$ cat input.cif   # mmCIF, C-alpha atoms
data_structure
#
loop_
_atom_site.label_atom_id
_atom_site.label_comp_id
_atom_site.auth_asym_id
_atom_site.auth_seq_id
_atom_site.Cartn_x
_atom_site.Cartn_y
_atom_site.Cartn_z
CA MET A 21 148.00 63.32 362.67
CA GLU A 22 147.47 63.48 358.91
CA ARG A 23 150.81 63.63 357.11
CA SER A 24 151.74 63.28 353.47
CA TRP A 25 152.84 59.67 354.07
CA CYS A 26 150.15 58.63 356.58
CA ARG A 27 146.35 58.65 356.35
CA HIS A 28 143.68 57.44 358.72
CA ASP A 29 140.67 55.57 357.32
CA ALA A 30 137.78 53.53 358.73
CA THR A 31 139.90 50.42 359.29
CA GLY A 32 143.16 51.93 360.55
CA LEU A 33 146.15 53.64 358.99
CA ARG A 34 147.59 53.67 355.50
CA ILE A 35 151.24 54.56 355.19
CA ALA A 36 153.28 55.24 352.08
CA VAL A 37 156.82 53.89 352.37
CA ARG A 38 159.97 53.76 350.28
CA ILE A 39 162.18 50.83 351.17
CA GLN A 40 165.87 50.25 350.67
CA PRO A 41 166.43 46.49 350.58
CA ARG A 42 169.72 44.76 351.42
CA ALA A 43 170.47 47.25 354.19
CA GLY A 44 172.65 46.39 357.18
CA ALA A 45 169.68 46.49 359.56
CA ASP A 46 165.96 47.26 359.61
CA ARG A 47 165.40 50.91 360.58
CA ILE A 48 163.47 54.12 359.93
CA CYS A 49 165.51 56.68 357.99
CA GLY A 50 163.09 59.63 357.89
CA ILE A 51 160.93 61.07 355.14
CA GLN A 52 161.88 61.00 351.47
CA ALA A 53 159.72 62.20 348.57
CA GLY A 54 156.61 62.27 350.76
CA ARG A 55 157.12 58.70 351.97
CA LEU A 56 158.45 57.08 355.12
CA LYS A 57 161.89 55.74 354.20
CA ILE A 58 162.74 52.37 355.74
CA ARG A 59 165.89 50.31 355.36
CA ILE A 60 165.24 46.55 355.28
CA ALA A 61 167.99 43.96 355.68
CA ALA A 62 166.32 41.37 353.44
CA ALA A 63 166.95 41.13 349.71
CA PRO A 64 164.06 41.73 347.29
CA VAL A 65 163.88 38.07 346.30
CA ASP A 66 160.87 35.76 346.65
CA GLU A 67 158.92 38.36 348.68
CA ALA A 68 161.58 38.31 351.45
CA ALA A 69 161.86 42.10 351.66
CA ASN A 70 158.06 42.54 351.69
CA GLU A 71 157.64 39.98 354.47
CA ARG A 72 160.47 41.55 356.48
CA LEU A 73 158.86 44.97 356.00
CA ARG A 74 155.51 43.65 357.27
CA ARG A 75 157.21 42.15 360.35
CA PHE A 76 159.11 45.36 361.00
CA ILE A 77 155.97 47.54 360.72
CA ALA A 78 153.96 45.12 362.89
CA GLY A 79 156.62 45.35 365.59
CA LEU A 80 156.81 49.12 365.33
CA PHE A 81 153.03 49.50 365.72
CA ASP A 82 152.78 46.61 368.22
CA VAL A 83 150.18 44.72 366.18
CA PRO A 84 150.10 41.15 364.80
CA GLN A 85 151.78 40.75 361.42
CA ALA A 86 148.38 39.77 359.98
CA SER A 87 147.22 43.36 360.68
CA VAL A 88 149.74 44.73 358.16
CA SER A 89 148.75 44.42 354.49
CA LEU A 90 150.64 45.40 351.37
CA LEU A 91 148.14 47.26 349.18
CA GLN A 92 150.43 48.49 346.40
CA GLY A 93 154.03 48.12 345.29
CA GLY A 94 154.75 44.42 345.63
CA ARG A 95 157.65 44.69 343.18
CA SER A 96 158.56 48.33 343.78
CA ARG A 97 160.53 50.26 346.38
CA ASP A 98 157.50 52.53 346.80
CA LYS A 99 154.73 50.75 348.69
CA LEU A 100 151.39 51.45 350.33
CA LEU A 101 150.67 49.56 353.54
CA ALA A 102 147.46 49.24 355.56
CA ILE A 103 147.68 48.72 359.31
CA ALA A 104 144.35 47.51 360.67
CA GLY A 105 143.07 48.53 364.08
CA VAL A 106 145.53 51.39 364.60
CA ASN A 107 144.53 55.03 364.93
CA ARG A 108 147.78 56.75 365.91
CA LEU A 109 151.48 56.70 365.18
CA PRO A 110 153.93 55.05 367.55
CA PRO A 111 156.36 57.40 369.35
CA ALA A 112 159.19 56.45 366.96
CA LEU A 113 157.21 57.98 364.07
CA ALA A 114 155.16 60.69 365.78
CA GLY A 115 158.15 63.00 366.10
CA LEU A 116 159.27 62.81 362.48
CA PRO A 117 159.11 66.10 360.58
CA GLU A 118 156.63 66.32 357.71
CA HIS A 119 159.36 66.96 355.12
CA GLN A 120 162.93 65.70 355.35
CA ASP A 121 164.18 65.13 351.80
#
$ encode --input "input.cif" --output "structure tokens"
Amino acid sequence: MERSWCRHDATGLRIAVRIQPRAGADRICGIQAGRLKIRIAAAPVDEAANERLRRFIAGLFDVPQASVSLLQGGRSRDKLLAIAGVNRLPPALAGLPEHQD
């Protein structure tokens, strides 16, 4: 299951994402530059986009929002997330090709 944008560690998964804030809806867009590209409807103001991203990822992986942590990229489009207690990708992500730039 190892992919350029997803790594398994002792606590769960770490995923590298690139977000596009102010999108029309929250959705997965594929792989871009070795990262999972996600469109987020929230604006990048007062942590709104980061919180919306955490909610979206929690729903996608079917875990509580508290299980999703932002490790890097608080003020960047490129982020690193940790998802605790998860050891595999959900079906929506498992079928994504490794490279899709």
$ resolve_selection --input "input.cif" --expression "the PyMOL selection byres ((chain A and resi 46) around 6)" --output "MDAnalysis selection string"
chainID A and resid 45 47 59:61
$ write_last_selection --input "input.cif" --atoms "C-alpha atoms" --output "short mmCIF file (atom, residue, chain, number, x, y, z; two decimals), keeping the file's coordinate frame"
data_model
loop_
_atom_site.label_atom_id
_atom_site.label_comp_id
_atom_site.auth_asym_id
_atom_site.auth_seq_id
_atom_site.Cartn_x
_atom_site.Cartn_y
_atom_site.Cartn_z
CA ALA A 45 169.68 46.49 359.56
CA ARG A 47 165.40 50.91 360.58
CA ARG A 59 165.89 50.31 355.36
CA ILE A 60 165.24 46.55 355.28
CA ALA A 61 167.99 43.96 355.68
#
$ atom_distance --input "input.cif" --atom1 "CA of Cys26 (chain A)" --atom2 "CA of Arg75 (chain A)"
18.3 Å
$ residues_around --input "input.cif" --residues "Pro41 (chain A)" --least-positions-apart "2" --cutoff "9 Å" --atoms "all atoms listed in the file" --output "list in words"
Ile39, Ala43, Ile58, Arg59, Ile60, Ala61, Ala62, Ala63, Pro64, Ala69 and Arg97 of chain A
$ residues_around --input "input.cif" --residues "Leu113 (chain A)" --least-positions-apart "6" --cutoff "9 Å" --atoms "all atoms listed in the file" --output "PDB file with C-alpha atoms, in the frame of the given file"
ATOM      1  CA  ILE A  48     163.470  54.120 359.930  1.00  0.00           C
ATOM      2  CA  GLY A  50     163.090  59.630 357.890  1.00  0.00           C
ATOM      3  CA  LEU A  80     156.810  49.120 365.330  1.00  0.00           C
TER       4      LEU A  80
END
$ resolve_selection --input "input.cif" --expression "the PyMOL selection byres ((chain A and resi 36) around 12)" --output "PyMOL selection string"
chain A and resi 23-28+33-35+37-39+51-58+77+89-93+97-103
$ closest_residue --input "input.cif" --among "A:Val88, A:Ser96, A:Gly44, A:Phe81" --to "Pro111 (chain A)" --atoms "only C-alpha atoms"
A:Phe81
$ atom_distance --input "input.cif" --atom1 "CA of Glu67 (chain A)" --atom2 "CA of Gly94 (chain A)"
8.0 Å
$ atom_distance --input "input.cif" --atom1 "CA of Asp82 (chain A)" --atom2 "CA of Pro117 (chain A)"
21.9 Å
$ closest_residue --input "input.cif" --among "A:Gln85, A:Ala30, A:Leu116, A:Val106" --to "Leu73 (chain A)" --atoms "only C-alpha atoms"
A:Gln85
$ decode --input "input.cif" --residues "chain A" --atoms "C-alpha atoms" --output "compact mmCIF listing (two decimals), in the first residue's frame"
# COMPACT_ATOMS: atom_id res chain seq x y z
CA MET A 21 0.00 0.00 0.00
CA GLU A 22 3.01 2.31 0.16
CA ARG A 23 2.63 5.15 -2.31
CA SER A 24 4.55 8.37 -2.79
CA TRP A 25 1.83 10.32 -0.96
CA CYS A 26 0.94 7.73 1.72
CA ARG A 27 3.09 6.00 4.35
CA HIS A 28 2.21 3.61 7.14
CA ASP A 29 3.86 4.05 10.54
CA ALA A 30 3.39 2.65 14.05
CA THR A 31 0.40 4.89 14.81
CA GLY A 32 -1.46 4.85 11.49
CA LEU A 33 -1.08 6.57 8.14
CA ARG A 34 0.65 9.73 7.03
CA ILE A 35 -0.59 11.31 3.84
CA ALA A 36 0.88 14.18 1.86
CA VAL A 37 -1.80 16.41 0.37
CA ARG A 38 -2.02 19.51 -1.78
CA ILE A 39 -5.21 21.47 -1.20
CA GLN A 40 -7.04 23.94 -3.36
CA PRO A 41 -9.08 26.18 -1.06
CA ARG A 42 -12.20 28.10 -2.09
CA ALA A 43 -13.36 25.25 -4.34
CA GLY A 44 -17.02 24.66 -5.16
CA ALA A 45 -17.11 21.45 -3.11
CA ASP A 46 -14.85 19.19 -1.07
CA ARG A 47 -13.49 16.38 -3.27
CA ILE A 48 -10.50 14.26 -4.25
CA CYS A 49 -8.94 15.35 -7.55
CA GLY A 50 -6.21 12.72 -7.98
CA ILE A 51 -2.45 12.87 -7.57
CA GLN A 52 -0.37 15.97 -8.27
CA ALA A 53 3.38 16.33 -7.69
CA GLY A 54 3.47 13.20 -5.53
CA ARG A 55 0.63 14.41 -3.30
CA LEU A 56 -3.06 13.66 -2.98
CA LYS A 57 -4.84 16.70 -4.44
CA ILE A 58 -7.99 17.74 -2.59
CA ARG A 59 -10.34 20.61 -3.31
CA ILE A 60 -11.75 22.24 -0.17
CA ALA A 61 -14.70 24.63 -0.21
CA ALA A 62 -13.50 26.70 2.76
CA ALA A 63 -11.30 29.77 2.40
CA PRO A 64 -7.80 29.73 3.93
CA VAL A 65 -8.76 32.19 6.65
CA ASP A 66 -8.56 31.62 10.42
CA GLU A 67 -7.74 27.91 9.96
CA ALA A 68 -11.10 27.29 8.21
CA ALA A 69 -9.57 25.37 5.30
CA ASN A 70 -7.41 23.24 7.63
CA GLU A 71 -10.39 22.37 9.82
CA ARG A 72 -12.53 21.56 6.78
CA LEU A 73 -9.72 19.37 5.44
CA ARG A 74 -9.51 17.48 8.74
CA ARG A 75 -13.29 16.90 8.71
CA PHE A 76 -13.20 15.76 5.09
CA ILE A 77 -10.33 13.31 5.71
CA ALA A 78 -11.98 12.00 8.90
CA GLY A 79 -15.16 11.29 6.95
CA LEU A 80 -13.27 9.67 4.11
CA PHE A 81 -11.40 7.32 6.48
CA ASP A 82 -14.43 6.90 8.79
CA VAL A 83 -12.54 8.00 11.90
CA PRO A 84 -13.24 10.73 14.48
CA GLN A 85 -11.91 14.16 13.52
CA ALA A 86 -9.60 13.98 16.55
CA SER A 87 -7.77 11.10 14.81
CA VAL A 88 -6.63 13.44 12.01
CA SER A 89 -3.67 15.70 12.84
CA LEU A 90 -1.97 18.35 10.74
CA LEU A 91 1.77 17.70 11.10
CA GLN A 92 3.14 20.19 8.55
CA GLY A 93 1.88 22.94 6.29
CA GLY A 94 -0.50 24.93 8.45
CA ARG A 95 -0.15 27.96 6.17
CA SER A 96 0.71 26.15 2.95
CA ARG A 97 -1.23 24.31 0.25
CA ASP A 98 1.13 21.37 0.74
CA LYS A 99 0.38 19.56 4.00
CA LEU A 100 1.28 16.40 5.86
CA LEU A 101 -1.52 14.72 7.79
CA ALA A 102 -1.45 11.86 10.30
CA ILE A 103 -4.47 9.59 10.61
CA ALA A 104 -4.29 7.58 13.83
CA GLY A 105 -5.55 4.03 14.07
CA VAL A 106 -5.82 3.44 10.32
CA ASN A 107 -3.78 0.87 8.41
CA ARG A 108 -5.34 0.92 4.93
CA LEU A 109 -6.75 3.30 2.38
CA PRO A 110 -10.50 3.67 1.91
CA PRO A 111 -11.91 2.42 -1.43
CA ALA A 112 -12.13 5.99 -2.77
CA LEU A 113 -8.33 6.27 -2.55
CA ALA A 114 -7.18 2.69 -3.03
CA GLY A 115 -7.84 2.77 -6.76
CA LEU A 116 -5.95 5.98 -7.50
CA PRO A 117 -2.94 5.58 -9.78
CA GLU A 118 0.48 6.26 -8.28
CA HIS A 119 1.20 9.12 -10.70
CA GLN A 120 -1.41 11.37 -12.28
CA ASP A 121 0.18 14.79 -12.83
